[in-house]
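File shown: work-v2.cif (mmCIF, C-alpha atoms).
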data_protein
#
loop_
_atom_site.label_atom_id
_atom_site.label_comp_id
_atom_site.auth_asym_id
_atom_site.auth_seq_id
_atom_site.Cartn_x
_atom_site.Cartn_y
_atom_site.Cartn_z
CA MET P 1 28.49 30.49 -0.40
CA LYS P 2 26.83 27.32 -1.66
CA ASN P 3 28.99 27.27 -4.82
CA PHE P 4 32.05 27.79 -2.65
CA PHE P 5 31.37 24.63 -0.68
CA LEU P 6 30.59 22.69 -3.84
CA LYS P 7 33.94 23.75 -5.29
CA LEU P 8 35.61 22.61 -2.09
CA GLY P 9 33.97 19.24 -2.56
CA ILE P 10 35.27 18.96 -6.10
CA CYS P 11 38.75 19.97 -4.99
CA ALA P 12 38.68 17.39 -2.20
CA LEU P 13 37.86 14.65 -4.68
CA ALA P 14 40.57 15.76 -7.05
CA LEU P 15 43.24 16.12 -4.37
CA THR P 16 42.65 12.63 -3.02
CA GLY P 17 42.64 11.06 -6.46
CA ALA P 18 39.04 10.01 -5.96
CA ALA P 19 37.87 11.72 -9.14
CA GLU P 20 40.00 9.41 -11.26
CA ALA P 21 38.87 6.36 -9.30
CA LEU P 22 35.22 7.34 -9.64
CA ALA P 23 35.57 7.86 -13.37
CA GLN P 24 37.14 4.41 -13.79
CA GLU P 25 35.28 2.24 -11.33
CA GLN P 26 32.43 3.63 -9.28
CA VAL P 27 28.89 4.06 -10.55
CA ILE P 28 26.69 5.51 -7.83
CA GLN P 29 22.98 4.83 -7.57
CA LEU P 30 21.29 8.18 -6.96
CA PHE P 31 17.77 7.70 -5.65
CA ALA P 32 14.90 10.05 -4.89
CA HIS P 33 13.92 9.67 -1.24
CA ARG P 34 10.11 9.46 -1.03
CA GLY P 35 10.00 10.72 -4.60
CA SER P 36 12.43 13.59 -3.79
CA ARG P 37 10.47 14.96 -0.86
CA PHE P 38 11.98 18.45 -0.67
CA GLU P 39 11.13 19.09 -4.31
CA TYR P 40 7.71 17.43 -4.62
CA ASP P 41 4.77 16.35 -2.48
CA GLU P 42 6.28 13.49 -0.51
CA ASN P 43 5.34 9.91 -1.44
CA THR P 44 2.61 10.94 -3.88
CA LEU P 45 2.20 9.77 -7.46
CA PRO P 46 2.91 13.28 -8.82
CA ALA P 47 6.25 13.22 -6.95
CA PHE P 48 7.34 9.93 -8.50
CA LYS P 49 6.13 10.99 -11.94
CA ALA P 50 7.93 14.34 -11.77
CA SER P 51 11.22 12.89 -10.55
CA TYR P 52 11.08 10.14 -13.19
CA ASP P 53 10.32 12.67 -15.93
CA ALA P 54 13.28 14.73 -14.73
CA GLY P 55 15.56 11.78 -15.46
CA LEU P 56 15.82 10.01 -12.11
CA ARG P 57 15.91 6.22 -12.22
CA GLY P 58 16.29 5.51 -8.50
CA PHE P 59 13.55 5.87 -5.90
CA GLU P 60 12.59 5.06 -2.32
CA THR P 61 9.19 4.75 -0.72
CA ASP P 62 7.47 3.53 2.47
CA ILE P 63 4.70 0.99 2.95
CA ARG P 64 2.17 0.57 5.77
CA MET P 65 -0.95 -1.60 6.04
CA THR P 66 -4.44 -0.33 6.77
CA ARG P 67 -6.76 -1.89 9.33
CA ASP P 68 -8.48 -3.87 6.58
CA GLY P 69 -5.24 -5.13 5.05
CA GLU P 70 -4.49 -2.81 2.13
CA LEU P 71 -1.01 -1.42 1.50
CA VAL P 72 -0.69 2.35 1.53
CA ILE P 73 2.32 4.56 0.85
CA SER P 74 3.10 6.43 4.07
CA HIS P 75 6.32 7.09 5.96
CA ASP P 76 4.80 8.19 9.26
CA GLU P 77 2.60 6.21 11.61
CA THR P 78 0.08 9.07 11.52
CA LEU P 79 -1.02 11.28 8.64
CA ALA P 80 -0.65 14.46 10.73
CA ARG P 81 2.55 15.83 9.18
CA LEU P 82 1.38 15.84 5.57
CA THR P 83 -2.43 16.01 5.74
CA PRO P 84 -5.20 17.58 7.86
CA CYS P 85 -5.94 14.09 9.22
CA LYS P 86 -4.31 13.21 12.56
CA ARG P 87 -5.17 9.51 12.67
CA VAL P 88 -2.86 6.48 12.77
CA VAL P 89 -2.65 4.73 9.40
CA GLU P 90 -3.00 1.23 10.86
CA THR P 91 -6.29 2.14 12.57
CA MET P 92 -7.92 3.39 9.35
CA THR P 93 -9.63 1.50 6.56
CA ALA P 94 -8.52 1.91 2.96
CA ASP P 95 -11.74 3.75 2.13
CA GLU P 96 -11.12 6.22 4.95
CA ILE P 97 -7.61 6.89 3.68
CA ARG P 98 -8.85 7.41 0.13
CA LYS P 99 -10.94 10.32 1.38
CA VAL P 100 -7.82 12.12 2.67
CA LYS P 101 -5.73 14.50 0.58
CA THR P 102 -2.32 15.92 1.34
CA ASN P 103 -1.91 19.55 2.37
CA GLN P 104 -0.90 20.19 -1.25
CA GLY P 105 -4.11 18.64 -2.55
CA ASN P 106 -2.82 15.27 -3.77
CA ASP P 107 -4.32 11.84 -3.12
CA LEU P 108 -2.56 9.37 -0.88
CA ILE P 109 -1.58 6.40 -2.99
CA PHE P 110 -1.62 2.67 -2.47
CA LEU P 111 1.19 0.30 -3.34
CA PRO P 112 -0.53 -1.27 -6.39
CA GLU P 113 -0.82 2.21 -7.97
CA LEU P 114 2.90 2.87 -7.54
CA VAL P 115 3.83 -0.58 -8.84
CA ASP P 116 1.60 -0.01 -11.86
CA PHE P 117 3.37 3.28 -12.59
CA PHE P 118 6.77 1.59 -12.74
CA ALA P 119 5.57 -1.62 -14.43
CA ASP P 120 6.56 -0.44 -17.93
CA LYS P 121 9.74 1.38 -16.86
CA ASP P 122 12.78 -0.88 -17.08
CA ASN P 123 16.20 -0.34 -15.46
CA VAL P 124 14.79 1.31 -12.34
CA TYR P 125 16.10 0.97 -8.78
CA ILE P 126 13.52 1.13 -5.98
CA GLU P 127 13.88 0.68 -2.23
CA PHE P 128 10.55 -0.41 -0.76
CA GLU P 129 10.83 0.32 2.95
CA MET P 130 8.71 -1.89 5.18
CA LYS P 131 7.31 0.36 7.92
CA THR P 132 6.31 -2.18 10.56
CA LYS P 133 6.73 -0.21 13.74
CA PRO P 134 5.44 0.15 16.37
CA VAL P 135 5.68 -3.58 16.94
CA GLU P 136 2.22 -3.77 18.54
CA SER P 137 0.68 -2.70 15.23
CA TYR P 138 2.30 -5.68 13.50
CA PRO P 139 2.18 -8.81 15.69
CA GLU P 140 3.61 -11.93 14.06
CA GLU P 141 0.59 -13.07 12.05
CA ARG P 142 -0.16 -9.56 10.80
CA LEU P 143 3.52 -9.13 9.98
CA ARG P 144 3.44 -12.34 7.96
CA GLU P 145 0.35 -11.13 6.08
CA TYR P 146 1.98 -7.76 5.47
CA CYS P 147 5.25 -9.22 4.12
CA GLU P 148 3.47 -11.66 1.83
CA LYS P 149 1.22 -8.94 0.41
CA VAL P 150 4.12 -6.51 -0.07
CA TYR P 151 6.25 -9.10 -1.84
CA ASN P 152 3.50 -10.35 -4.12
CA THR P 153 2.33 -6.86 -5.04
CA VAL P 154 5.81 -5.55 -5.81
CA MET P 155 7.16 -8.57 -7.65
CA ALA P 156 4.05 -9.24 -9.75
CA LYS P 157 4.89 -6.36 -12.10
CA LYS P 158 8.63 -5.90 -11.63
CA PRO P 159 10.39 -5.13 -14.95
CA ALA P 160 13.04 -7.72 -15.78
CA ASN P 161 16.03 -5.39 -15.57
CA SER P 162 14.94 -3.32 -12.57
CA LEU P 163 16.32 -3.81 -9.06
CA TYR P 164 13.67 -3.87 -6.35
CA LEU P 165 14.93 -4.02 -2.74
CA PHE P 166 12.90 -4.64 0.40
CA THR P 167 14.38 -2.53 3.19
CA SER P 168 13.65 -1.94 6.86
CA SER P 169 15.05 -0.88 10.20
CA ASP P 170 12.78 -3.54 11.74
CA LYS P 171 14.76 -6.77 11.81
CA ARG P 172 11.55 -8.73 12.36
CA ALA P 173 10.24 -7.62 8.97
CA LEU P 174 13.49 -8.52 7.22
CA LYS P 175 13.60 -11.93 8.88
CA MET P 176 9.97 -12.60 8.00
CA MET P 177 10.50 -11.58 4.39
CA ARG P 178 13.55 -13.84 4.18
CA LEU P 179 11.60 -16.72 5.76
CA LEU P 180 8.78 -16.37 3.23
CA HIS P 181 11.03 -15.65 0.24
CA PRO P 182 14.61 -16.90 0.77
CA ASP P 183 16.01 -15.36 -2.42
CA VAL P 184 14.66 -11.86 -1.81
CA ASP P 185 16.95 -8.81 -2.06
CA LEU P 186 17.07 -7.14 1.37
CA LEU P 187 18.70 -4.02 2.79
CA LEU P 188 19.14 -3.40 6.52
CA ILE P 189 18.64 0.21 7.63
CA ILE P 190 20.49 1.28 10.77
CA SER P 191 20.34 4.83 12.08
CA LYS P 192 24.09 4.89 12.75
CA PRO P 193 27.21 5.46 10.64
CA ILE P 194 28.94 2.60 8.85
CA CYS P 195 31.18 1.08 11.50
CA GLU P 196 32.33 -2.33 12.67
CA GLU P 197 29.14 -2.72 14.72
CA THR P 198 26.76 -2.01 11.83
CA ILE P 199 28.80 -4.15 9.44
CA LEU P 200 28.60 -7.08 11.86
CA GLU P 201 24.84 -6.61 12.29
CA ALA P 202 24.32 -7.01 8.56
CA ILE P 203 26.67 -9.99 8.36
CA ASP P 204 24.99 -11.69 11.32
CA MET P 205 21.63 -11.39 9.54
CA GLY P 206 23.04 -12.68 6.28
CA ILE P 207 22.09 -9.42 4.52
CA LYS P 208 24.43 -8.07 1.86
CA ARG P 209 23.09 -4.51 1.67
CA LEU P 210 23.43 -1.92 4.43
CA GLY P 211 21.88 1.54 4.68
CA CYS P 212 23.44 3.88 7.27
CA ARG P 213 23.80 7.54 8.10
CA ILE P 214 26.39 9.52 6.20
CA GLU P 215 27.26 11.56 9.32
CA GLY P 216 30.13 9.88 11.10
CA THR P 217 30.86 7.46 8.27
CA SER P 218 34.48 7.30 7.17
CA LYS P 219 35.99 6.11 3.91
CA ALA P 220 37.90 3.46 5.84
CA MET P 221 34.65 2.00 7.19
CA VAL P 222 33.02 2.00 3.74
CA ASP P 223 36.10 0.22 2.42
CA LEU P 224 35.81 -2.31 5.25
CA ALA P 225 32.13 -2.89 4.44
CA HIS P 226 33.05 -3.50 0.81
CA LYS P 227 35.76 -5.96 1.84
CA ALA P 228 33.08 -7.79 3.84
CA GLY P 229 31.01 -8.06 0.65
CA LEU P 230 28.43 -5.42 1.58
CA TYR P 231 26.66 -2.93 -0.67
CA VAL P 232 26.63 0.49 1.04
CA SER P 233 23.72 2.95 0.84
CA LEU P 234 24.10 6.26 2.72
CA TRP P 235 21.51 8.80 3.90
CA PRO P 236 20.21 11.44 4.38
CA GLY P 237 21.10 13.46 1.30
CA GLN P 238 19.77 16.99 1.08
CA SER P 239 22.22 18.78 -1.21
CA PRO P 240 24.85 18.34 -3.93
CA GLU P 241 27.47 18.81 -1.21
CA GLU P 242 26.27 15.71 0.61
CA PHE P 243 26.25 13.72 -2.62
CA MET P 244 29.86 14.75 -3.23
CA ARG P 245 30.74 13.68 0.29
CA GLY P 246 29.09 10.31 -0.23
CA ALA P 247 30.90 9.91 -3.54
CA TYR P 248 34.23 10.52 -1.82
CA LEU P 249 33.36 7.96 0.85
CA GLY P 250 32.76 5.37 -1.86
CA ALA P 251 29.06 4.69 -1.32
CA ASP P 252 27.27 2.43 -3.79
CA ALA P 253 23.96 4.28 -3.42
CA LEU P 254 23.08 7.75 -2.16
CA ASN P 255 19.68 8.89 -0.99
CA SER P 256 18.56 12.42 -1.85
CA ASP P 257 15.64 14.61 -0.81
CA ARG P 258 16.64 16.95 -3.66
CA ALA P 259 17.47 14.34 -6.26
CA VAL P 260 16.64 16.45 -9.32
CA GLU P 261 18.81 19.32 -8.07
CA VAL P 262 21.65 16.88 -7.41
CA LYS P 263 21.31 15.25 -10.85
CA ASN P 264 21.30 18.59 -12.65
CA TRP P 265 24.28 19.83 -10.65
CA LEU P 266 26.30 16.69 -11.37
CA ASP P 267 25.56 16.89 -15.09
CA LYS P 268 26.79 20.46 -15.18
CA ASN P 269 29.64 20.49 -12.67
CA ALA P 270 30.96 16.96 -12.10
CA PRO P 271 30.74 15.01 -15.38
CA TRP P 272 33.46 12.61 -14.25
CA ILE P 273 31.17 11.12 -11.62
CA LYS P 274 29.19 8.22 -13.04
CA TYR P 275 25.75 7.77 -11.56
CA LYS P 276 22.57 5.99 -12.50
#
Whole structure given in structure tokens:
Amino acid sequence: MKNFFLKLGICALALTGAAEALAQEQVIQLFAHRGSRFEYDENTLPAFKASYDAGLRGFETDIRMTRDGELVISHDETLARLTPCKRVVETMTADEIRKVKTNQGNDLIFLPELVDFFADKDNVYIEFEMKTKPVESYPEERLREYCEKVYNTVMAKKPANSLYLFTSSDKRALKMMRLLHPDVDLLLIISKPICEETILEAIDMGIKRLGCRIEGTSKAMVDLAHKAGLYVSLWPGQSPEEFMRGAYLGADALNSDRAVEVKNWLDKNAPWIKYK
């Protein structure tokens, strides 16, 4: 059944002429969401290592700040989903977090460790998502401290030809990062499809990169975003079928929770699609 739907996806691309267009023009950035979280232990160093070794060159991760001001890789406000610990990240010290292991037995990692891993790996794309909600955990001065530390840590060892983006659904974090570092590359995350409303939100903020949900997004709206000068990143991606759908829509970047599976499938079944 799965192969049937994949073949339908290929046929849809071919019938619309999109396959030819993709082969000539479009190069899609495939990136491993939280290190490809459905294939490896989410947001851990082994996940990033394994996905990199499998040939991925695009990644996404999430950054929070401990009570004592260190930057830890964690998507959720609490550690409850992935570890035996139920506590809120922002209420813990770095030393307390270092004592916690994931349910799969891996250490939680801190941002400097992840940056060090990629420091000698050129031509890599990484979305560093600033997790600064709830707002009460990041009042203005703490938000300023957070943004400055994130920027300095990430950019200190960025390879020359890699693209590092600072992303967030929290407009306060994006505005603060822009205030502190006017030339920074930002991406606005909105939990809605690409539409006139989301396009205008990005334009109003002066942000040229927009990350939206693939559900409900149409090719016409992606085309409109491109005409407005926006770079389009779509999510979530959990299968080759969804990657094919995003490719048809014309996305510039596609998130995947199964990035290795998607890469291997594309190499075998859709060689006309250029990705990086």
Written as a CSV table (one decimal) with C-alpha atoms, keeping the file's coordinate frame, which residues does the PyMOL selection byres ((chain P and resi 106) around 10) give for the file shown?
chain,number,residue,atom,x,y,z
P,41,ASP,CA,4.8,16.4,-2.5
P,42,GLU,CA,6.3,13.5,-0.5
P,44,THR,CA,2.6,10.9,-3.9
P,45,LEU,CA,2.2,9.8,-7.5
P,46,PRO,CA,2.9,13.3,-8.8
P,47,ALA,CA,6.2,13.2,-7.0
P,83,THR,CA,-2.4,16.0,5.7
P,100,VAL,CA,-7.8,12.1,2.7
P,101,LYS,CA,-5.7,14.5,0.6
P,102,THR,CA,-2.3,15.9,1.3
P,103,ASN,CA,-1.9,19.6,2.4
P,104,GLN,CA,-0.9,20.2,-1.2
P,105,GLY,CA,-4.1,18.6,-2.6
P,107,ASP,CA,-4.3,11.8,-3.1
P,108,LEU,CA,-2.6,9.4,-0.9
P,109,ILE,CA,-1.6,6.4,-3.0
Which residue of P:Val27, P:Leu165, P:Ala251, P:Ala32 approaches Val232 (chain P) most closely, using all atoms listed in the file |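 Checking each of P:Val27, P:Leu165, P:Ala251, P:Ala32 against Val232 (chain P), counting all atoms listed in the file, the winner is P:Ala251.
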Spell out the residues picked by the PyMOL selection byres ((chain P and resi 90) around 6) here, as an MDAnalysis selection string.
-> chainID P and resid 65:67 88:89 91:92
Given the file shown, determine the residues that the PyMOL selection byres ((chain P and resi 170-185) around 8) selects; report them as a VMD selection string.
-> chain P and resid 130 to 133 143 to 144 147 to 148 151 164 to 169 186 to 188
Rounded to one decimal in Å, what is the spacing between CA of Gly206 (chain P) and CA of Tyr146 (chain P)?
->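 Rounded to one decimal, the two atoms are 21.6 Å apart.
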